[in-house]
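J.: Structure incoming, see below.
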Amino acid sequence: MLDLELVRSHFPAFDDGKEPRFFENAGGSFACRQTIDALLRFYTETKVQPYAGYAESATAGELMDKSHARWAEALGVADSEILFGPSTSMNTYVLAKAFGERLKPGDEVIVTNQDHEANTGATRRMVEAAGATLREWGVDQTTGELHLADLEALLSSSTKLLTFPHCSNIVGAENDVAAICALARQAGARTIVDGVSYAPHGFVDVGELGADVYLFSMYKTYSVHQGLMVLRDELAEWLPNQSHHFNADAPRKRMAPAGPDHAQVAAAGAVLDYVEATTPGYDGDLRGACEAAKDAWQSHETALLQPVLRWLDARSDVRVVGPTEASAGMHRCPTVAFAAEGQQSAQVAAGLVDHGIMASAGDFYAPRVLDGVGLDVANGVIRVSWVHYTSQADIDHLLTALEQVLG
């Protein structure tokens, strides 16, 4: 069971009795105290070039190394497979460029229209530039979900790459990553999983999922503004170097042409200190603590989610994108996008803001999925999203605001 009071004590956003009704977590979460403190310490004590012989530089390098090691343990992968970059968008762009140098005409790449544009757009452009063939795994026009049977019909011996989201930032439904990766592997295809919209709700065992690449944005997971990419060693060796020629044999640098942000990399592991601090009976098993945190976070989120989905689903003038009930064994993330009949989404969002709800409207870099379910992309959707630090009082405030704004 989640100790919400303990959780909130680790977030300065809630200090001194503050009660922000923050429902735009899918765009970026509050940072935990451990992250903020780690950044402050680095900038005030070790803001020098790392890995030199003097003490401050050596400490800076040690802190960066520790972040790599901590995240490797948390995600169930090797230290060499943890890469940090300026953002997930940039990590995806660099990765697509690398794949583009390996693909050739006749090769096939499968993308979805459920993705955030940063994932699907870079891949689509790469396929075109390489002269390969693009296949689209389309969403269900009614629910916005992806179905395994549709993927099976697309996979072939020519499929070299499949990119898809762990969870859409509009639809909210968890995709069965392990099953999808297994199908792709049987066809001989690599997999890139966009975990940006799922990771705020739990840090997964990437090794067990079977993904060749798993990416997420740390600023959405209570951490620094960096992108974290798990790139499995075997695939990394196959992909061409994207950095300086002398970095070709350096696993952390080959896919980082811009070089690391020392302070942010050093502070990147601090959120895992938060996970440990809020895990009852923590015994030193970080991977186990992440699993326990995921279960507690998702249980709390789901309890808050159901009344919101039921309230929206009961209205004949509202269309919710995505399932209004979680599938068996799959988490329905608390990212709820909807359109109100006869109303402009931007005006509805503005009304919520007037009632103290921090939310917004738009296409949220996912116009393809809105088009795929037949919604007006220009009008977009209203989106409310929360995470494990959200309270029942926040949800009550949201429902009251929705009642007043939608009528």
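Residues are named by chain letter and number: chains run A, B, ... in the order of the structure tokens, numbers start at 1 in each chain, and ligands are numbered from 1 in the order shown.
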Give the strand (DSSP E) residues of region 48-254 of chain A, as DSSP finds them on the backbone, and put them as a PyMOL selection string.

T.: chain A and resi 82-85+108-112+133-137+159-165+190-194+213-217+227-231

J.: Can you tell me, as a PDB file with C-alpha atoms, in the first residue's frame, what residues are no more than 9 Å from Ala199 (chain A) when counting only C-alpha atoms, ignoring any on the same chain fewer than 5 positions away?

T.:
```
ATOM      1  CA  HIS A 166       4.943   0.760 -24.314  1.00  0.00           C
ATOM      2  CA  VAL A 204      10.481  -2.197 -15.739  1.00  0.00           C
ATOM      3  CA  PHE A 216      12.214   7.086 -21.709  1.00  0.00           C
ATOM      4  CA  SER A 217      12.437  10.721 -20.615  1.00  0.00           C
ATOM      5  CA  MET A 218      13.770  11.214 -17.115  1.00  0.00           C
ATOM      6  CA  LYS A 220       8.798  12.621 -16.649  1.00  0.00           C
ATOM      7  CA  THR A 221      10.093  10.221 -13.986  1.00  0.00           C
TER       8      THR A 221
END
```

J.: For Glu237 (chain A), find every residue with an atom within 12 Å (counting only C-alpha atoms), except residues of its own chain fewer than 3 positions away, and show them as a PyMOL selection string.

T.: chain A and resi 80-81+98+231-234+240-241+248-251+254-255

J.: Could you save the residues just selected, with C-alpha atoms, as a PDB file, in the first residue's frame?

T.:
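Result file out_38.pdb:
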```pdb
ATOM      1  CA  SER A  80      27.336  -0.786 -20.851  1.00  0.00           C
ATOM      2  CA  GLU A  81      23.733  -0.802 -22.085  1.00  0.00           C
ATOM      3  CA  ALA A  98      22.279   4.634 -37.201  1.00  0.00           C
ATOM      4  CA  LEU A 231      20.659  -0.247 -26.019  1.00  0.00           C
ATOM      5  CA  ARG A 232      21.466  -3.934 -25.765  1.00  0.00           C
ATOM      6  CA  ASP A 233      25.134  -4.751 -26.346  1.00  0.00           C
ATOM      7  CA  GLU A 234      24.637  -7.089 -29.289  1.00  0.00           C
ATOM      8  CA  PRO A 240      27.537   2.117 -36.769  1.00  0.00           C
ATOM      9  CA  ASN A 241      29.224   4.712 -34.567  1.00  0.00           C
ATOM     10  CA  ALA A 248      33.827   4.022 -31.889  1.00  0.00           C
ATOM     11  CA  ASP A 249      34.786   1.554 -29.168  1.00  0.00           C
ATOM     12  CA  ALA A 250      33.272   3.494 -26.237  1.00  0.00           C
ATOM     13  CA  PRO A 251      29.782   2.103 -25.477  1.00  0.00           C
ATOM     14  CA  ARG A 254      28.986   5.827 -29.721  1.00  0.00           C
ATOM     15  CA  MET A 255      25.360   7.027 -29.798  1.00  0.00           C
TER      16      MET A 255
END
```

J.: List the neighbours of Ala179 (chain A) out to 9 Å using only C-alpha atoms; skip same-chain residues closer than 3 positions along the sequence, and give me the result as a PyMOL selection string.

T.: chain A and resi 148+175-176+182-184+209-210

J.: Give me, as a compact mmCIF listing (two decimals) with N, CA and C atoms, in the first residue's frame, all polymer residues having an atom no more than 12 Å from Phe84 (chain A), counting only C-alpha atoms and skipping those fewer than 2 positions away in the same chain.

T.:
```txt
# COMPACT_ATOMS: atom_id res chain seq x y z
N MET A 64 28.97 10.14 -12.09
CA MET A 64 28.41 9.77 -13.39
C MET A 64 28.40 8.25 -13.57
N ASP A 65 29.50 7.62 -13.17
CA ASP A 65 29.57 6.16 -13.26
C ASP A 65 28.50 5.50 -12.38
N SER A 67 25.56 6.65 -11.63
CA SER A 67 24.25 6.72 -12.28
C SER A 67 24.07 5.61 -13.29
N HIS A 68 25.11 5.37 -14.09
CA HIS A 68 25.03 4.27 -15.05
C HIS A 68 24.81 2.93 -14.34
N TRP A 71 21.23 2.65 -12.67
CA TRP A 71 20.14 2.43 -13.62
C TRP A 71 20.24 1.04 -14.28
N ALA A 72 21.44 0.56 -14.48
CA ALA A 72 21.59 -0.79 -15.01
C ALA A 72 20.97 -1.81 -14.07
N ASP A 79 25.66 -2.54 -17.38
CA ASP A 79 26.10 -1.16 -17.25
C ASP A 79 26.36 -0.52 -18.63
N SER A 80 26.99 -1.29 -19.51
CA SER A 80 27.34 -0.79 -20.85
C SER A 80 26.12 -0.48 -21.70
N GLU A 81 24.95 -0.97 -21.29
CA GLU A 81 23.73 -0.80 -22.08
C GLU A 81 22.93 0.43 -21.69
N ILE A 82 23.38 1.18 -20.69
CA ILE A 82 22.71 2.40 -20.25
C ILE A 82 23.36 3.59 -20.92
N PRO A 86 20.53 14.04 -24.55
CA PRO A 86 19.86 15.31 -24.24
C PRO A 86 18.35 15.16 -24.05
N SER A 87 17.75 14.22 -24.76
CA SER A 87 16.30 13.98 -24.66
C SER A 87 16.00 12.67 -25.36
N THR A 88 14.81 12.15 -25.13
CA THR A 88 14.41 10.94 -25.85
C THR A 88 14.24 11.25 -27.34
N SER A 89 13.76 12.43 -27.66
CA SER A 89 13.62 12.82 -29.07
C SER A 89 14.98 12.75 -29.77
N MET A 90 16.02 13.27 -29.12
CA MET A 90 17.34 13.24 -29.73
C MET A 90 17.91 11.82 -29.76
N ASN A 91 17.70 11.06 -28.70
CA ASN A 91 18.15 9.67 -28.70
C ASN A 91 17.52 8.90 -29.84
N THR A 92 16.22 9.12 -30.05
CA THR A 92 15.51 8.43 -31.13
C THR A 92 16.04 8.86 -32.49
N TYR A 214 15.08 0.35 -25.34
CA TYR A 214 13.99 0.86 -24.51
C TYR A 214 14.38 2.27 -24.10
N LEU A 215 13.48 3.23 -24.38
CA LEU A 215 13.79 4.64 -24.13
C LEU A 215 12.74 5.28 -23.24
N PHE A 216 13.18 6.24 -22.41
CA PHE A 216 12.21 7.09 -21.71
C PHE A 216 12.85 8.41 -21.31
N SER A 217 12.01 9.37 -20.98
CA SER A 217 12.44 10.72 -20.61
C SER A 217 12.47 10.85 -19.10
N MET A 218 13.62 11.20 -18.55
CA MET A 218 13.77 11.21 -17.11
C MET A 218 13.02 12.36 -16.45
N VAL A 224 15.96 14.28 -13.85
CA VAL A 224 16.57 15.38 -14.60
C VAL A 224 16.04 15.43 -16.03
N HIS A 225 16.36 16.52 -16.74
CA HIS A 225 15.89 16.65 -18.12
C HIS A 225 16.90 15.98 -19.07
N GLN A 226 16.85 14.67 -19.08
CA GLN A 226 17.69 13.84 -19.94
C GLN A 226 16.84 12.72 -20.51
N GLY A 227 17.33 12.11 -21.59
CA GLY A 227 16.73 10.89 -22.09
C GLY A 227 17.59 9.71 -21.71
N LEU A 228 16.97 8.64 -21.25
CA LEU A 228 17.70 7.41 -20.95
C LEU A 228 17.35 6.38 -22.02
N MET A 229 18.38 5.77 -22.57
CA MET A 229 18.18 4.74 -23.59
C MET A 229 18.91 3.47 -23.18
N VAL A 230 18.18 2.38 -23.12
CA VAL A 230 18.79 1.06 -22.98
C VAL A 230 19.03 0.54 -24.39
N LEU A 231 20.28 0.30 -24.72
CA LEU A 231 20.66 -0.25 -26.02
C LEU A 231 21.44 -1.52 -25.76
N PRO A 251 31.23 2.35 -25.47
CA PRO A 251 29.78 2.10 -25.48
C PRO A 251 28.94 3.32 -25.08
N ARG A 252 29.40 4.10 -24.10
CA ARG A 252 28.60 5.24 -23.64
C ARG A 252 28.61 6.41 -24.62
N LYS A 253 29.54 6.41 -25.55
CA LYS A 253 29.73 7.58 -26.42
C LYS A 253 29.31 7.36 -27.87
N ARG A 254 29.21 6.11 -28.31
CA ARG A 254 28.99 5.83 -29.72
C ARG A 254 27.67 6.41 -30.24
N MET A 255 26.65 6.49 -29.39
CA MET A 255 25.36 7.03 -29.80
C MET A 255 25.09 8.40 -29.17
N ALA A 256 26.16 9.08 -28.78
CA ALA A 256 26.00 10.39 -28.12
C ALA A 256 26.89 11.42 -28.79
N PRO A 257 26.54 11.85 -30.01
CA PRO A 257 27.40 12.79 -30.72
C PRO A 257 27.55 14.13 -30.01
N ALA A 258 26.59 14.50 -29.17
CA ALA A 258 26.67 15.78 -28.48
C ALA A 258 27.52 15.73 -27.22
N GLY A 259 27.82 14.55 -26.74
CA GLY A 259 28.54 14.42 -25.48
C GLY A 259 27.60 14.53 -24.30
N PRO A 260 28.04 14.09 -23.11
CA PRO A 260 27.15 14.04 -21.95
C PRO A 260 27.03 15.38 -21.23
N ASP A 261 25.87 15.62 -20.63
CA ASP A 261 25.68 16.73 -19.69
C ASP A 261 26.11 16.19 -18.33
N HIS A 262 27.28 16.55 -17.90
CA HIS A 262 27.89 15.92 -16.72
C HIS A 262 27.00 15.99 -15.49
N ALA A 263 26.47 17.17 -15.19
CA ALA A 263 25.67 17.35 -13.98
C ALA A 263 24.41 16.51 -14.03
N GLN A 264 23.76 16.51 -15.18
CA GLN A 264 22.49 15.79 -15.26
C GLN A 264 22.70 14.28 -15.23
N VAL A 265 23.76 13.82 -15.86
CA VAL A 265 24.06 12.38 -15.78
C VAL A 265 24.38 12.00 -14.33
N ALA A 266 25.18 12.82 -13.66
CA ALA A 266 25.54 12.52 -12.28
C ALA A 266 24.34 12.48 -11.36
N ALA A 267 23.35 13.33 -11.63
CA ALA A 267 22.14 13.40 -10.79
C ALA A 267 21.06 12.43 -11.22
N ALA A 268 21.26 11.76 -12.35
CA ALA A 268 20.20 10.93 -12.93
C ALA A 268 19.80 9.76 -12.04
N GLY A 269 20.72 9.25 -11.25
CA GLY A 269 20.41 8.10 -10.42
C GLY A 269 19.74 8.44 -9.11
```

J.: Report as a PDB file with C-alpha atoms, in the first residue's frame all protein, DNA and RNA residues lying within 9 Å of Ala339 (chain A), evaluated on only C-alpha atoms, omitting residues in the same chain fewer than 5 positions from it.

T.:
```pdb
ATOM      1  CA  ASP A 317     -21.324  14.172 -25.041  1.00  0.00           C
ATOM      2  CA  VAL A 318     -17.791  13.004 -24.261  1.00  0.00           C
ATOM      3  CA  ARG A 319     -15.556  10.590 -26.153  1.00  0.00           C
ATOM      4  CA  VAL A 320     -12.667   9.085 -24.228  1.00  0.00           C
ATOM      5  CA  VAL A 321      -9.745   7.918 -26.337  1.00  0.00           C
ATOM      6  CA  GLN A 344     -13.472  23.428 -28.448  1.00  0.00           C
ATOM      7  CA  SER A 345     -10.892  21.419 -26.530  1.00  0.00           C
ATOM      8  CA  LEU A 375     -10.989  12.913 -34.187  1.00  0.00           C
ATOM      9  CA  ASN A 379      -9.337  20.624 -32.249  1.00  0.00           C
ATOM     10  CA  GLY A 380      -7.261  18.032 -30.424  1.00  0.00           C
ATOM     11  CA  VAL A 381      -8.233  16.562 -27.081  1.00  0.00           C
ATOM     12  CA  ILE A 382      -8.304  17.602 -23.449  1.00  0.00           C
ATOM     13  CA  ARG A 383      -5.796  15.554 -21.489  1.00  0.00           C
TER      14      ARG A 383
END
```

J.: Which residues are near region 289-303 of chain A? Cut-off 10 Å, only C-alpha atoms, ignore same chain within fewer than 2 positions. Put them as a VMD selection string.

T.: chain A and resid 1 to 4 73 to 75 199 to 205 272 275 to 287 305 to 308 325 to 326 331 to 334 386 to 392

J.: Please compute the CA of Thr35 (chain A)-CA of Asp115 (chain A) distance, one decimal, in Å.

T.: 28.4 Å

J.: Enumerate the residues of region 127-320 of chain A with a DSSP assignment of helix (DSSP H, G or I), computed from the backbone, and present them as a PyMOL selection string.

T.: chain A and resi 127-130+148-154+177-186+199-201+206-209+218-220+233-238+245-247+262-267+270-277+286-313

J.: Produce a file of the selected residues containing C-alpha atoms, as a short mmCIF file (atom, residue, chain, number, x, y, z; two decimals), in the first residue's frame.

T.:
```
data_model
loop_
_atom_site.label_atom_id
_atom_site.label_comp_id
_atom_site.auth_asym_id
_atom_site.auth_seq_id
_atom_site.Cartn_x
_atom_site.Cartn_y
_atom_site.Cartn_z
CA VAL A 127 13.06 4.45 -43.88
CA GLU A 128 12.37 6.78 -46.77
CA ALA A 129 16.00 7.94 -46.93
CA ALA A 130 17.25 4.33 -46.87
CA LEU A 148 -1.40 -8.36 -31.90
CA ALA A 149 -3.25 -10.06 -34.76
CA ASP A 150 -2.73 -6.98 -36.93
CA LEU A 151 1.00 -7.04 -36.20
CA GLU A 152 1.26 -10.73 -37.05
CA ALA A 153 -0.20 -9.98 -40.48
CA LEU A 154 2.51 -7.37 -41.10
CA VAL A 177 5.78 -5.42 -24.79
CA ALA A 178 7.06 -8.91 -24.01
CA ALA A 179 4.60 -10.57 -26.40
CA ILE A 180 5.26 -8.01 -29.14
CA CYS A 181 9.03 -8.32 -28.83
CA ALA A 182 8.77 -12.11 -28.92
CA LEU A 183 6.81 -11.98 -32.19
CA ALA A 184 9.31 -9.59 -33.73
CA ARG A 185 12.24 -11.73 -32.61
CA GLN A 186 10.67 -14.81 -34.23
CA ALA A 199 8.00 4.81 -17.20
CA PRO A 200 6.43 7.39 -14.82
CA HIS A 201 4.20 4.54 -13.64
CA VAL A 206 14.00 -4.41 -19.67
CA GLY A 207 15.90 -7.67 -19.79
CA GLU A 208 12.72 -9.63 -19.15
CA LEU A 209 10.73 -7.64 -21.70
CA MET A 218 13.77 11.21 -17.11
CA TYR A 219 12.05 14.56 -16.58
CA LYS A 220 8.80 12.62 -16.65
CA ASP A 233 25.13 -4.75 -26.35
CA GLU A 234 24.64 -7.09 -29.29
CA LEU A 235 22.67 -4.48 -31.24
CA ALA A 236 25.06 -1.69 -30.25
CA GLU A 237 27.94 -3.63 -31.81
CA TRP A 238 25.98 -4.00 -35.05
CA HIS A 245 35.76 8.34 -34.81
CA PHE A 246 37.84 7.87 -31.67
CA ASN A 247 34.66 7.02 -29.70
CA HIS A 262 27.89 15.92 -16.72
CA ALA A 263 25.67 17.35 -13.98
CA GLN A 264 22.49 15.79 -15.26
CA VAL A 265 24.06 12.38 -15.78
CA ALA A 266 25.54 12.52 -12.28
CA ALA A 267 22.14 13.40 -10.79
CA ALA A 270 19.13 10.14 -7.48
CA VAL A 271 15.49 9.28 -8.20
CA LEU A 272 16.40 5.69 -7.38
CA ASP A 273 17.35 6.88 -3.89
CA TYR A 274 13.77 8.12 -3.68
CA VAL A 275 12.47 4.69 -4.72
CA GLU A 276 14.55 3.07 -2.00
CA ALA A 277 13.47 5.62 0.63
CA LEU A 286 17.22 -2.13 -6.09
CA ARG A 287 15.53 -4.12 -8.87
CA GLY A 288 13.15 -5.55 -6.27
CA ALA A 289 12.47 -2.07 -4.90
CA CYS A 290 11.59 -0.83 -8.40
CA GLU A 291 9.17 -3.72 -8.82
CA ALA A 292 7.58 -3.05 -5.43
CA ALA A 293 7.31 0.66 -6.23
CA LYS A 294 5.72 -0.11 -9.60
CA ASP A 295 3.07 -2.27 -7.95
CA ALA A 296 2.32 0.34 -5.28
CA TRP A 297 2.26 3.24 -7.73
CA GLN A 298 -0.02 1.49 -10.19
CA SER A 299 -2.42 0.24 -7.53
CA HIS A 300 -2.81 3.78 -6.20
CA GLU A 301 -3.16 5.27 -9.69
CA THR A 302 -5.81 2.75 -10.71
CA ALA A 303 -7.89 3.44 -7.62
CA LEU A 304 -7.96 7.12 -8.61
CA LEU A 305 -8.51 6.36 -12.29
CA GLN A 306 -11.67 4.29 -12.24
CA PRO A 307 -14.09 6.99 -10.98
CA VAL A 308 -12.76 9.48 -13.55
CA LEU A 309 -13.17 7.02 -16.43
CA ARG A 310 -16.65 6.03 -15.27
CA TRP A 311 -17.73 9.65 -14.94
CA LEU A 312 -16.52 10.53 -18.44
CA ASP A 313 -17.82 7.30 -19.98
#
```
